[in-house]
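Visitor: File name entry.txt; file contents compact mmCIF, C-alpha atoms (C1' of nucleotides) and all ligand atoms; full text below.
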```txt
# COMPACT_ATOMS: atom_id res chain seq x y z
CA MET A 955 124.17 -10.15 -5.83
CA HIS A 956 121.16 -12.45 -6.25
CA ASN A 957 117.66 -10.95 -6.32
CA THR A 958 116.61 -12.52 -3.06
CA ASP A 959 119.70 -11.43 -1.20
CA LYS A 960 119.41 -7.89 -2.53
CA LEU A 961 115.82 -7.68 -1.33
CA LYS A 962 116.66 -9.08 2.10
CA GLN A 963 119.56 -6.69 2.43
CA ILE A 964 117.54 -3.60 1.61
CA LEU A 965 114.57 -4.52 3.77
CA HIS A 966 116.88 -5.24 6.68
CA LYS A 967 118.74 -1.97 6.26
CA LYS A 968 115.42 -0.08 6.42
CA ASN A 969 114.05 -2.12 9.29
CA LEU A 970 111.34 -3.55 7.08
CA ARG A 971 110.36 -7.18 7.20
CA TYR A 972 111.23 -9.77 4.63
CA THR A 973 107.96 -11.48 3.69
CA GLN A 974 106.86 -14.14 1.24
CA GLN A 975 104.59 -11.62 -0.50
CA ARG A 976 107.34 -9.08 -1.06
CA GLN A 977 109.58 -11.78 -2.46
CA GLU A 978 106.85 -12.94 -4.84
CA VAL A 979 106.21 -9.45 -6.17
CA TRP A 980 109.91 -8.79 -6.61
CA ASP A 981 110.36 -12.16 -8.39
CA GLU A 982 107.52 -11.35 -10.72
CA ILE A 983 109.00 -7.98 -11.62
CA CYS A 984 112.42 -9.52 -12.17
CA SER A 985 110.99 -12.17 -14.46
CA THR A 986 110.80 -9.92 -17.54
CA ASN A 987 112.17 -6.70 -18.97
CA GLU A 988 108.74 -5.48 -20.02
CA HIS A 989 107.10 -2.33 -18.79
CA ARG A 990 104.10 -3.67 -16.88
CA ASP A 991 101.35 -2.10 -14.81
CA ALA A 992 100.37 -3.14 -11.29
CA GLU A 993 97.22 -4.96 -12.39
CA ASP A 994 99.27 -7.01 -14.83
CA ILE A 995 101.73 -8.00 -12.13
CA TYR A 996 98.85 -8.82 -9.78
CA ASN A 997 97.20 -11.04 -12.40
CA SER A 998 100.41 -12.90 -13.18
CA LEU A 999 100.82 -13.72 -9.51
CA ARG A 1000 97.29 -15.07 -9.28
CA LYS A 1001 97.77 -17.15 -12.41
CA ARG A 1002 100.63 -18.99 -10.81
CA GLN A 1003 98.60 -19.61 -7.64
CA THR A 1004 100.57 -17.06 -5.68
CA ASN A 1005 97.95 -15.20 -3.74
CA VAL A 1006 99.15 -11.74 -2.94
CA SER A 1007 96.41 -9.17 -2.52
CA ARG A 1008 96.08 -6.17 -4.80
CA ALA A 1009 96.83 -3.80 -1.92
CA THR A 1010 100.01 -5.66 -1.11
CA VAL A 1011 101.13 -5.58 -4.73
CA TYR A 1012 100.75 -1.79 -4.73
CA ARG A 1013 102.42 -1.42 -1.34
CA THR A 1014 105.32 -3.67 -2.26
CA ILE A 1015 105.91 -1.86 -5.52
CA ASP A 1016 106.08 1.39 -3.55
CA VAL A 1017 108.73 -0.09 -1.29
CA LEU A 1018 110.73 -1.31 -4.29
CA VAL A 1019 110.46 2.05 -6.06
CA LYS A 1020 111.51 3.97 -2.95
CA ASN A 1021 114.53 1.71 -2.63
CA ASN A 1022 115.63 2.00 -6.21
CA LEU A 1023 115.01 -1.61 -7.17
CA VAL A 1024 112.14 -0.68 -9.48
CA ARG A 1025 111.44 2.29 -11.71
CA ARG A 1026 108.00 3.83 -12.12
CA LEU A 1027 107.08 5.05 -15.61
CA ASP A 1028 104.19 7.35 -16.42
CA LEU A 1029 103.39 7.08 -20.10
CA GLY A 1030 100.40 9.35 -19.81
CA ASP A 1031 97.70 6.70 -20.13
CA GLY A 1032 96.48 6.84 -16.57
CA ARG A 1033 98.33 3.96 -14.99
CA SER A 1034 101.92 3.55 -13.87
CA ARG A 1035 104.22 1.05 -15.52
CA PHE A 1036 107.10 -0.60 -13.71
CA GLU A 1037 110.41 -2.06 -14.76
CA ASN A 1038 113.21 -3.81 -12.93
CA LYS A 1039 115.97 -1.30 -12.29
CA MET A 1040 118.56 -3.46 -10.56
CA GLY A 1041 121.76 -3.27 -12.57
CA ILE A 1042 119.96 -1.52 -15.43
CA ALA A 1043 121.54 1.61 -16.86
CA HIS A 1044 119.53 4.83 -17.21
CA HIS A 1045 117.44 5.11 -20.34
CA ASP A 1046 114.38 6.91 -21.66
CA HIS A 1047 111.51 5.61 -23.82
CA ILE A 1048 110.00 5.83 -27.28
CA VAL A 1049 106.39 4.65 -27.55
CA CYS A 1050 104.53 3.68 -30.71
CA LEU A 1051 101.08 5.28 -30.72
CA ASP A 1052 99.72 2.48 -32.93
CA CYS A 1053 101.01 -0.77 -31.40
CA ARG A 1054 102.07 0.58 -27.97
CA LYS A 1055 105.52 -0.94 -28.46
CA ILE A 1056 108.05 0.57 -26.08
CA VAL A 1057 111.68 0.98 -27.12
CA GLU A 1058 114.45 2.27 -24.89
CA PHE A 1059 117.02 4.87 -25.81
CA MET A 1060 119.86 6.66 -24.12
CA ASN A 1061 121.80 9.62 -25.45
CA GLU A 1062 124.65 10.98 -23.41
CA GLU A 1063 124.55 14.31 -25.19
CA ILE A 1064 120.92 14.95 -24.30
CA GLU A 1065 121.61 13.95 -20.72
CA GLU A 1066 124.42 16.48 -20.50
CA ILE A 1067 122.58 19.33 -22.20
CA GLN A 1068 119.51 19.00 -20.02
CA GLU A 1069 121.73 19.10 -16.95
CA GLN A 1070 123.35 22.25 -18.29
CA VAL A 1071 120.01 23.86 -19.17
CA ALA A 1072 118.65 23.19 -15.69
CA LYS A 1073 121.72 24.69 -14.08
CA GLU A 1074 121.34 27.83 -16.17
CA MET A 1075 117.73 28.16 -15.06
CA GLY A 1076 118.68 27.78 -11.40
CA PHE A 1077 117.67 24.19 -10.77
CA GLU A 1078 119.32 21.09 -9.41
CA ILE A 1079 117.78 18.16 -11.22
CA VAL A 1080 116.76 15.09 -9.25
CA ARG A 1081 115.07 13.15 -12.03
CA HIS A 1082 113.66 13.64 -15.48
CA VAL A 1083 111.04 12.28 -17.82
CA HIS A 1084 111.86 12.10 -21.51
CA GLN A 1085 109.45 10.24 -23.73
CA LEU A 1086 109.00 10.27 -27.48
CA PHE A 1087 105.63 9.27 -28.96
CA GLY A 1088 105.19 8.42 -32.61
CA HIS A 1089 104.75 5.74 -35.21
CA CYS A 1090 107.11 2.81 -35.56
CA LEU A 1091 108.05 1.44 -38.96
CA ASP A 1092 107.57 -2.16 -37.90
CA GLU A 1093 105.86 -4.45 -40.44
CA LYS A 1094 103.65 -5.99 -37.78
CA CYS A 1095 102.38 -2.62 -36.55
CA PRO A 1096 98.63 -2.17 -37.27
CA ASN A 1097 98.91 1.18 -39.06
CA LYS A 1098 100.73 -0.28 -42.08
CA MET B 346 93.60 36.87 -35.10
CA HIS B 347 91.57 37.59 -31.99
CA ASN B 348 90.80 34.76 -29.57
CA THR B 349 87.09 34.83 -30.28
CA ASP B 350 87.49 34.76 -34.04
CA LYS B 351 90.02 31.96 -33.84
CA LEU B 352 87.62 29.88 -31.79
CA LYS B 353 84.70 30.55 -34.10
CA GLN B 354 86.81 29.71 -37.13
CA ILE B 355 87.98 26.38 -35.77
CA LEU B 356 84.58 25.29 -34.49
CA HIS B 357 83.01 26.16 -37.80
CA LYS B 358 85.64 24.29 -39.77
CA LYS B 359 84.94 21.16 -37.70
CA ASN B 360 81.16 21.56 -37.83
CA LEU B 361 81.03 22.15 -34.11
CA ARG B 362 78.84 24.83 -32.58
CA TYR B 363 80.02 28.08 -31.18
CA THR B 364 78.52 28.33 -27.69
CA GLN B 365 78.69 30.76 -24.81
CA GLN B 366 80.20 28.05 -22.60
CA ARG B 367 83.02 27.24 -25.01
CA GLN B 368 83.85 30.92 -25.33
CA GLU B 369 83.97 31.32 -21.55
CA VAL B 370 86.31 28.37 -21.07
CA TRP B 371 88.60 29.58 -23.85
CA ASP B 372 88.61 33.11 -22.40
CA GLU B 373 89.53 31.76 -18.99
CA ILE B 374 92.42 29.75 -20.40
CA CYS B 375 93.66 32.74 -22.40
CA SER B 376 93.60 34.97 -19.32
CA THR B 377 96.92 33.71 -17.91
CA ASN B 378 100.11 31.92 -18.88
CA GLU B 379 99.97 29.62 -15.89
CA HIS B 380 99.74 25.85 -16.05
CA ARG B 381 96.33 25.19 -14.51
CA ASP B 382 94.23 22.10 -13.92
CA ALA B 383 90.60 21.67 -14.98
CA GLU B 384 89.23 22.11 -11.46
CA ASP B 385 91.08 25.41 -11.16
CA ILE B 386 89.63 26.66 -14.43
CA TYR B 387 86.17 25.49 -13.36
CA ASN B 388 86.45 27.33 -10.04
CA SER B 389 87.61 30.56 -11.66
CA LEU B 390 84.59 30.50 -13.94
CA ARG B 391 82.23 30.05 -11.00
CA LYS B 392 83.90 32.85 -9.07
CA ARG B 393 83.09 35.26 -11.82
CA GLN B 394 79.47 34.09 -11.95
CA THR B 395 79.99 32.26 -15.19
CA ASN B 396 78.17 29.00 -14.73
CA VAL B 397 79.67 26.36 -16.90
CA SER B 398 79.34 22.83 -15.58
CA ARG B 399 82.31 20.73 -14.71
CA ALA B 400 81.51 18.26 -17.48
CA THR B 401 81.44 21.06 -20.03
CA VAL B 402 84.75 22.43 -18.81
CA TYR B 403 86.33 19.01 -19.36
CA ARG B 404 84.62 18.55 -22.72
CA THR B 405 85.56 22.00 -23.96
CA ILE B 406 89.16 21.56 -22.93
CA ASP B 407 89.21 18.33 -24.95
CA VAL B 408 87.96 20.21 -28.00
CA LEU B 409 90.59 22.92 -27.54
CA VAL B 410 93.37 20.37 -27.08
CA LYS B 411 92.32 18.39 -30.14
CA ASN B 412 92.34 21.59 -32.18
CA ASN B 413 95.73 22.73 -31.01
CA LEU B 414 94.56 25.81 -29.14
CA VAL B 415 95.50 24.33 -25.77
CA ARG B 416 98.27 22.02 -24.63
CA ARG B 417 97.78 19.27 -22.07
CA LEU B 418 100.62 18.70 -19.62
CA ASP B 419 101.01 15.64 -17.44
CA LEU B 420 103.39 16.42 -14.62
CA GLY B 421 102.86 13.06 -12.99
CA ASP B 422 100.74 14.24 -10.07
CA GLY B 423 97.49 12.68 -11.20
CA ARG B 424 95.79 15.61 -12.90
CA SER B 425 96.33 17.24 -16.24
CA ARG B 426 97.49 20.84 -16.50
CA PHE B 427 96.61 23.08 -19.40
CA GLU B 428 98.20 26.09 -21.04
CA ASN B 429 97.22 28.37 -23.87
CA LYS B 430 99.09 27.27 -26.98
CA MET B 431 97.90 29.84 -29.51
CA GLY B 432 100.94 31.63 -30.87
CA ILE B 433 103.17 30.07 -28.19
CA ALA B 434 106.43 28.46 -29.32
CA HIS B 435 107.26 24.89 -28.33
CA HIS B 436 108.90 24.47 -24.94
CA ASP B 437 109.37 21.89 -22.24
CA HIS B 438 109.19 22.22 -18.45
CA ILE B 439 111.29 22.19 -15.29
CA VAL B 440 109.38 21.65 -12.06
CA CYS B 441 110.54 22.41 -8.53
CA LEU B 442 109.76 19.47 -6.24
CA ASP B 443 109.58 21.80 -3.23
CA CYS B 444 107.50 24.80 -4.33
CA ARG B 445 105.93 23.29 -7.49
CA LYS B 446 107.14 26.27 -9.50
CA ILE B 447 107.11 25.55 -13.23
CA VAL B 448 109.71 27.07 -15.53
CA GLU B 449 109.79 26.68 -19.29
CA PHE B 450 112.83 25.84 -21.36
CA MET B 451 113.60 25.16 -24.97
CA ASN B 452 116.83 23.83 -26.40
CA GLU B 453 117.13 23.46 -30.13
CA GLU B 454 120.00 20.98 -29.82
CA ILE B 455 117.98 18.58 -27.68
CA GLU B 456 115.05 18.88 -30.08
CA GLU B 457 117.29 17.92 -32.99
CA ILE B 458 119.07 15.07 -31.26
CA GLN B 459 115.86 13.44 -30.10
CA GLU B 460 114.52 13.61 -33.63
CA GLN B 461 117.71 11.96 -34.86
CA VAL B 462 117.62 9.28 -32.16
CA ALA B 463 114.02 8.41 -32.99
CA LYS B 464 114.81 8.10 -36.67
CA GLU B 465 117.69 5.75 -35.91
CA MET B 466 115.37 3.56 -33.85
CA GLY B 467 112.79 3.44 -36.63
CA PHE B 468 110.21 5.91 -35.34
CA GLU B 469 108.52 8.99 -36.66
CA ILE B 470 107.90 11.25 -33.69
CA VAL B 471 104.54 12.94 -33.31
CA ARG B 472 105.05 14.52 -29.90
CA HIS B 473 107.33 14.29 -26.93
CA VAL B 474 107.37 14.84 -23.20
CA HIS B 475 110.50 16.26 -21.63
CA GLN B 476 110.30 17.31 -18.01
CA LEU B 477 113.02 17.98 -15.47
CA PHE B 478 112.22 17.67 -11.76
CA GLY B 479 114.46 19.09 -9.08
CA HIS B 480 115.06 21.83 -6.55
CA CYS B 481 115.05 25.49 -7.49
CA LEU B 482 117.46 27.91 -5.89
CA ASP B 483 114.81 30.54 -5.27
CA GLU B 484 114.97 32.33 -1.90
CA LYS B 485 111.23 32.02 -1.38
CA CYS B 486 111.25 28.26 -1.94
CA PRO B 487 110.35 26.34 1.27
CA ASN B 488 113.37 24.04 1.29
CA LYS B 489 115.87 26.84 1.96
C1' DA C 1294 107.77 -19.82 23.12
C1' DC C 1295 106.89 -14.85 24.10
C1' DT C 1296 106.62 -10.14 22.92
C1' DT C 1297 106.55 -6.41 19.96
C1' DC C 1298 105.81 -4.30 16.03
C1' DT C 1299 105.01 -4.71 10.99
C1' DT C 1300 102.48 -6.54 7.34
C1' DT C 1301 98.57 -8.49 5.17
C1' DG C 1302 93.82 -9.05 3.03
C1' DA C 1303 89.19 -7.63 2.03
C1' DG C 1304 86.68 -4.29 1.03
C1' DA C 1305 85.55 0.64 1.65
C1' DC C 1306 87.01 4.85 -0.08
C1' DT C 1307 89.17 8.76 -2.96
C1' DC C 1308 89.47 11.66 -6.77
C1' DA C 1309 90.14 13.00 -11.53
C1' DA C 1310 87.84 12.19 -15.39
C1' DT C 1311 84.11 10.20 -18.24
C1' DC C 1312 79.47 8.82 -19.21
C1' DT C 1313 74.20 9.06 -19.36
C1' DC C 1314 70.23 11.10 -20.84
C1' DA C 1315 66.59 14.40 -20.74
C1' DA C 1316 66.36 19.26 -21.58
C1' DT C 1317 68.30 23.16 -24.12
C1' DA C 1318 69.93 25.78 -27.81
C1' DG C 1319 72.95 26.70 -32.22
C1' DA C 1320 72.65 26.95 -37.35
C1' DG C 1321 70.64 26.98 -41.58
C1' DG C 1322 66.49 27.02 -44.58
C1' DG C 1323 62.05 28.61 -45.67
C1' DC D 672 60.73 34.94 -37.42
C1' DC D 673 59.66 30.15 -37.15
C1' DC D 674 60.92 25.27 -37.83
C1' DT D 675 63.72 21.35 -37.97
C1' DC D 676 67.72 18.92 -37.21
C1' DT D 677 71.45 18.03 -34.42
C1' DA D 678 74.96 19.19 -31.20
C1' DT D 679 75.60 20.65 -26.60
C1' DT D 680 74.68 21.17 -21.83
C1' DG D 681 73.99 20.12 -16.73
C1' DA D 682 73.37 17.15 -12.85
C1' DG D 683 74.47 13.36 -11.10
C1' DA D 684 75.97 8.51 -11.67
C1' DT D 685 79.88 5.85 -12.93
C1' DT D 686 84.60 4.40 -13.80
C1' DG D 687 89.13 2.93 -12.54
C1' DA D 688 93.74 3.40 -10.65
C1' DG D 689 95.34 3.80 -6.46
C1' DT D 690 94.99 4.46 -1.25
C1' DC D 691 93.16 3.68 3.29
C1' DT D 692 91.17 1.07 7.37
C1' DC D 693 91.43 -2.24 10.80
C1' DA D 694 91.30 -6.78 12.66
C1' DA D 695 94.00 -10.89 12.04
C1' DA D 696 98.40 -12.96 10.78
C1' DG D 697 103.21 -13.26 11.03
C1' DA D 698 108.39 -11.53 11.14
C1' DA D 699 112.31 -11.06 14.24
C1' DG D 700 114.61 -10.60 18.26
C1' DT D 701 115.00 -12.45 23.28
ZN ZN E 1 117.46 10.46 -19.75
ZN ZN E 2 112.64 0.94 -19.83
ZN ZN E 3 110.87 19.78 -26.59
ZN ZN E 4 104.47 25.82 -20.51
```
In structure tokens, what does this structure look like?
Guide:
Amino acid sequence: MHNTDKLKQILHKKNLRYTQQRQEVWDEICSTNEHRDAEDIYNSLRKRQTNVSRATVYRTIDVLVKNNLVRRLDLGDGRSRFENKMGIAHHDHIVCLDCRKIVEFMNEEIEEIQEQVAKEMGFEIVRHVHQLFGHCLDEKCPNK
Amino acid sequence: MHNTDKLKQILHKKNLRYTQQRQEVWDEICSTNEHRDAEDIYNSLRKRQTNVSRATVYRTIDVLVKNNLVRRLDLGDGRSRFENKMGIAHHDHIVCLDCRKIVEFMNEEIEEIQEQVAKEMGFEIVRHVHQLFGHCLDEKCPNK
DNA sequence: ACTTCTTTGAGACTCAATCTCAATAGAGGG
DNA sequence: CCCTCTATTGAGATTGAGTCTCAAAGAAGT
């Protein structure tokens, strides 16, 4: 399903209104696979003359997150990052402490074990955060 | 080694001064195994007539974290939690979304696999965050 | 076009955490 | 014990991501 249709469908199902601003924010998020913060998304919109207010960017992102179109990441640096989640398989993240590069990983074994561990401790998991922080071996990374 | 001696030793090694305030903050953190925020630690100190300013609580915690005596946890709710780390083995956390109970877990297999995964992706891990969020099956938990 | 209800924008506000800077107080030497 | 040199402290101001307020604008159904 196309981005626009998906957005319209979800908003309609929740009795929320389809607006130009929501479409613009959703388009902007769909335009890359990067892990961007709200301010970054807001600035990109302004740069292409699309005037959506900061408050609306935040509010729209909340709507998208609640409806599973966008994923919120907390990398521990004080601001949330967002990534398009539509049709994207689950993954976790490795972050380079030097160049802030973010790489995605997914390991079925870890996913299963953590589920098992939680069950043993008397929990039903809803979501999880698994992030690895370290140094990448990339040539272009500053610390080389 | 006793808490006080350990603190003195580390401060001395780093050419930092041993002060009454730093001792009080460290004592307060050592007094429980809970995962407390800075405001909570600050309030406990005031309650027992120990006047350490808020700024000093934050600054002292930073010193303790940098020197590996205290661990900083980010559970994604906008404020850092802290736990005594001296002589405590590595573990990760499961959090109940209903009652905010925090349970610790440690799985050697996960620890090994994540190390392996990182190596394969060209990273040397320095630290990691692994948190599971869900519902606990405790009788006393609100959502029952 | 009309009505109803939601959404938007601008700026005020929140809250954890950090910063500023004058006053205070460790630590080592004499 | 006193002196000097710095590091530390406290009170309050400041920061910055994110949220809230409310009057004006605008979806969507009739
Ligand atoms: Zn995962
Ligand atoms: Zn990702
Ligand atoms: Zn671990
Ligand atoms: Zn713990």
Visitor: Do you know which residues lie at most 10 Å from (105.7, 3.0, -32.6), with coordinates as in the file and only C-alpha atoms (C1' of nucleotides) counted, and could you write them as an MDAnalysis selection string?
Guide: (chainID A and resid 1048:1057 1086:1092 1095:1097) or (chainID B and resid 463 466:470)
Visitor: Please dump the current selection as a compact mmCIF listing (two decimals), keeping the file's coordinate frame; keep C-alpha atoms.
Guide:
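Saved the output as part.txt:
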```
# COMPACT_ATOMS: atom_id res chain seq x y z
CA ILE A 1048 110.00 5.83 -27.28
CA VAL A 1049 106.39 4.65 -27.55
CA CYS A 1050 104.53 3.68 -30.71
CA LEU A 1051 101.08 5.28 -30.72
CA ASP A 1052 99.72 2.48 -32.93
CA CYS A 1053 101.01 -0.77 -31.40
CA ARG A 1054 102.07 0.58 -27.97
CA LYS A 1055 105.52 -0.94 -28.46
CA ILE A 1056 108.05 0.57 -26.08
CA VAL A 1057 111.68 0.98 -27.12
CA LEU A 1086 109.00 10.27 -27.48
CA PHE A 1087 105.63 9.27 -28.96
CA GLY A 1088 105.19 8.42 -32.61
CA HIS A 1089 104.75 5.74 -35.21
CA CYS A 1090 107.11 2.81 -35.56
CA LEU A 1091 108.05 1.44 -38.96
CA ASP A 1092 107.57 -2.16 -37.90
CA CYS A 1095 102.38 -2.62 -36.55
CA PRO A 1096 98.63 -2.17 -37.27
CA ASN A 1097 98.91 1.18 -39.06
CA ALA B 463 114.02 8.41 -32.99
CA MET B 466 115.37 3.56 -33.85
CA GLY B 467 112.79 3.44 -36.63
CA PHE B 468 110.21 5.91 -35.34
CA GLU B 469 108.52 8.99 -36.66
CA ILE B 470 107.90 11.25 -33.69
```
Visitor: With a cut-off of 9 Å, could you pull out the residues of chain B touching ligand ZN 3 (chain E) and give me the nearest pair of atoms for each, distance in Å to one decimal, using only C-alpha atoms and all ligand atoms, ordered by chain and ascending number, as CSV?
Guide:
```
residue,atom,partner,partner_atom,distance
B:His435,CA,E:ZN3,ZN,6.5
B:His436,CA,E:ZN3,ZN,5.3
B:Asp437,CA,E:ZN3,ZN,5.1
B:His438,CA,E:ZN3,ZN,8.7
B:Phe450,CA,E:ZN3,ZN,8.2
B:Met451,CA,E:ZN3,ZN,6.2
B:Asn452,CA,E:ZN3,ZN,7.2
B:Glu453,CA,E:ZN3,ZN,8.1
B:Ile455,CA,E:ZN3,ZN,7.3
B:Glu456,CA,E:ZN3,ZN,5.5
B:Gln459,CA,E:ZN3,ZN,8.8
B:Arg472,CA,E:ZN3,ZN,8.5
B:His473,CA,E:ZN3,ZN,6.5
B:Val474,CA,E:ZN3,ZN,6.9
B:His475,CA,E:ZN3,ZN,6.1
B:Gln476,CA,E:ZN3,ZN,8.9
```
Visitor: Have a look at atom CA of Ile1042 of chain A and atom CA of Glu982 of chain A and let me know their distance in Å, one decimal.
Guide: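 Atom CA of Glu982 of chain A lies at a distance of 16.5 Å from atom CA of Ile1042 of chain A.
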Visitor: Residues at most 7 Å from Arg1033 of chain A, counting only C-alpha atoms (C1' of nucleotides), excluding those fewer than 5 positions away in the same chain, as a list in words?
Guide: Asp991 and Asp1028 of chain A; DA688 of chain D
Visitor: State, in Å with one decimal place, the distance from atom CA of Ser398 of chain B to atom CA of Gln365 of chain B.
Guide: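 So the answer is 12.2 Å.
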Visitor: Segment 346-363 of chain B from the block above, N, CA, C and O atoms, as a PDB file, in the first residue's frame, please?
Guide:
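What ended up in decode-v9.pdb:
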```pdb
ATOM      1  N   MET B 346      37.077  -3.836  50.475  1.00  0.00           N
ATOM      2  CA  MET B 346      37.399  -2.478  50.955  1.00  0.00           C
ATOM      3  C   MET B 346      36.129  -1.730  51.346  1.00  0.00           C
ATOM      4  O   MET B 346      35.110  -1.839  50.686  1.00  0.00           O
ATOM      5  N   HIS B 347      36.209  -0.988  52.425  1.00  0.00           N
ATOM      6  CA  HIS B 347      35.035  -0.251  52.898  1.00  0.00           C
ATOM      7  C   HIS B 347      34.684   0.888  51.943  1.00  0.00           C
ATOM      8  O   HIS B 347      35.541   1.419  51.251  1.00  0.00           O
ATOM      9  N   ASN B 348      33.413   1.243  51.934  1.00  0.00           N
ATOM     10  CA  ASN B 348      32.922   2.299  51.036  1.00  0.00           C
ATOM     11  C   ASN B 348      33.745   3.580  51.117  1.00  0.00           C
ATOM     12  O   ASN B 348      34.101   4.167  50.104  1.00  0.00           O
ATOM     13  N   THR B 349      33.987   4.003  52.361  1.00  0.00           N
ATOM     14  CA  THR B 349      34.691   5.258  52.573  1.00  0.00           C
ATOM     15  C   THR B 349      36.105   5.212  52.006  1.00  0.00           C
ATOM     16  O   THR B 349      36.549   6.128  51.317  1.00  0.00           O
ATOM     17  N   ASP B 350      36.793   4.104  52.296  1.00  0.00           N
ATOM     18  CA  ASP B 350      38.169   3.973  51.821  1.00  0.00           C
ATOM     19  C   ASP B 350      38.214   3.939  50.301  1.00  0.00           C
ATOM     20  O   ASP B 350      39.071   4.558  49.673  1.00  0.00           O
ATOM     21  N   LYS B 351      37.259   3.210  49.723  1.00  0.00           N
ATOM     22  CA  LYS B 351      37.207   3.114  48.266  1.00  0.00           C
ATOM     23  C   LYS B 351      37.039   4.491  47.642  1.00  0.00           C
ATOM     24  O   LYS B 351      37.707   4.832  46.665  1.00  0.00           O
ATOM     25  N   LEU B 352      36.172   5.276  48.223  1.00  0.00           N
ATOM     26  CA  LEU B 352      35.934   6.630  47.717  1.00  0.00           C
ATOM     27  C   LEU B 352      37.192   7.486  47.841  1.00  0.00           C
ATOM     28  O   LEU B 352      37.621   8.129  46.885  1.00  0.00           O
ATOM     29  N   LYS B 353      37.782   7.454  49.016  1.00  0.00           N
ATOM     30  CA  LYS B 353      39.008   8.232  49.234  1.00  0.00           C
ATOM     31  C   LYS B 353      40.093   7.828  48.239  1.00  0.00           C
ATOM     32  O   LYS B 353      40.749   8.674  47.636  1.00  0.00           O
ATOM     33  N   GLN B 354      40.247   6.540  48.066  1.00  0.00           N
ATOM     34  CA  GLN B 354      41.272   6.019  47.165  1.00  0.00           C
ATOM     35  C   GLN B 354      41.102   6.552  45.743  1.00  0.00           C
ATOM     36  O   GLN B 354      42.047   7.045  45.130  1.00  0.00           O
ATOM     37  N   ILE B 355      39.862   6.460  45.258  1.00  0.00           N
ATOM     38  CA  ILE B 355      39.595   6.864  43.875  1.00  0.00           C
ATOM     39  C   ILE B 355      39.753   8.365  43.684  1.00  0.00           C
ATOM     40  O   ILE B 355      40.348   8.823  42.706  1.00  0.00           O
ATOM     41  N   LEU B 356      39.248   9.135  44.641  1.00  0.00           N
ATOM     42  CA  LEU B 356      39.365  10.588  44.529  1.00  0.00           C
ATOM     43  C   LEU B 356      40.831  10.993  44.530  1.00  0.00           C
ATOM     44  O   LEU B 356      41.271  11.834  43.748  1.00  0.00           O
ATOM     45  N   HIS B 357      41.589  10.355  45.407  1.00  0.00           N
ATOM     46  CA  HIS B 357      43.001  10.682  45.513  1.00  0.00           C
ATOM     47  C   HIS B 357      43.742  10.366  44.221  1.00  0.00           C
ATOM     48  O   HIS B 357      44.535  11.146  43.710  1.00  0.00           O
ATOM     49  N   LYS B 358      43.436   9.191  43.672  1.00  0.00           N
ATOM     50  CA  LYS B 358      44.089   8.759  42.439  1.00  0.00           C
ATOM     51  C   LYS B 358      43.843   9.748  41.296  1.00  0.00           C
ATOM     52  O   LYS B 358      44.691   9.949  40.425  1.00  0.00           O
ATOM     53  N   LYS B 359      42.656  10.371  41.300  1.00  0.00           N
ATOM     54  CA  LYS B 359      42.291  11.296  40.230  1.00  0.00           C
ATOM     55  C   LYS B 359      42.574  12.758  40.596  1.00  0.00           C
ATOM     56  O   LYS B 359      42.115  13.671  39.915  1.00  0.00           O
ATOM     57  N   ASN B 360      43.261  12.958  41.719  1.00  0.00           N
ATOM     58  CA  ASN B 360      43.533  14.322  42.179  1.00  0.00           C
ATOM     59  C   ASN B 360      42.267  15.127  42.419  1.00  0.00           C
ATOM     60  O   ASN B 360      42.211  16.322  42.133  1.00  0.00           O
ATOM     61  N   LEU B 361      41.260  14.448  42.911  1.00  0.00           N
ATOM     62  CA  LEU B 361      40.020  15.127  43.279  1.00  0.00           C
ATOM     63  C   LEU B 361      39.976  15.150  44.803  1.00  0.00           C
ATOM     64  O   LEU B 361      40.632  14.341  45.464  1.00  0.00           O
ATOM     65  N   ARG B 362      39.217  16.074  45.362  1.00  0.00           N
ATOM     66  CA  ARG B 362      39.221  16.202  46.821  1.00  0.00           C
ATOM     67  C   ARG B 362      38.134  15.404  47.500  1.00  0.00           C
ATOM     68  O   ARG B 362      37.018  15.326  47.011  1.00  0.00           O
ATOM     69  N   TYR B 363      38.531  14.835  48.604  1.00  0.00           N
ATOM     70  CA  TYR B 363      37.574  14.099  49.419  1.00  0.00           C
ATOM     71  C   TYR B 363      36.802  15.120  50.234  1.00  0.00           C
ATOM     72  O   TYR B 363      37.395  15.863  51.029  1.00  0.00           O
TER      73      TYR B 363
END
```
